[in-house]
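Chemist: Dropping a structure here in structure tokens format, bear with me for questions.
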Amino acid sequence: MMQLAGIISDANNLANQLKTLLIVGVLGCMYLVSVAVIWGQTKSVLKAAVAALGGAVVMALVVNMTALRDKVGEDIKSGSSSAHAPAQVVDRLGAPKDAS
């Protein structure tokens, strides 16, 4: 039974490493190709730099996707707690009310 658990654990680790390799490899190739295409079409250093910067941002978002997902989930959960005051509706368009 312990050997089966070890085999399953090894298979999961291998699958995760393969997934990471594919994401980084494919994304990296797409990044390089997009910068090369922009440079080839425009011959502009500025446009190629903007493409490189945009590609770097996309790569960072994809690589850190799970951390961002968890952070957003924590923010949503903490935002729905009872520590925050409920929203109040203020009627500013109506006529002023008498204080008497």
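The chains in the structure tokens are called A, B, ... from first to last as shown; in each chain the residues are counted from 1, and the ligands are counted from 1 in the order shown.
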Give me, as a list in words, all polymer residues having an atom no more than 12 Å from Ala56 of chain A, counting only C-alpha atoms and skipping those fewer than 3 positions away in the same chain.
Modeler: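 Neighbouring residues, sequence-local ones excluded: Val24, Leu27, Gly28, Met30, Tyr31, Leu32, Ser34, Val35, Ala49, Val50, Ala51, Ala52, Leu53, Met59, Ala60, Leu61, Val62 and Val63 of chain A.
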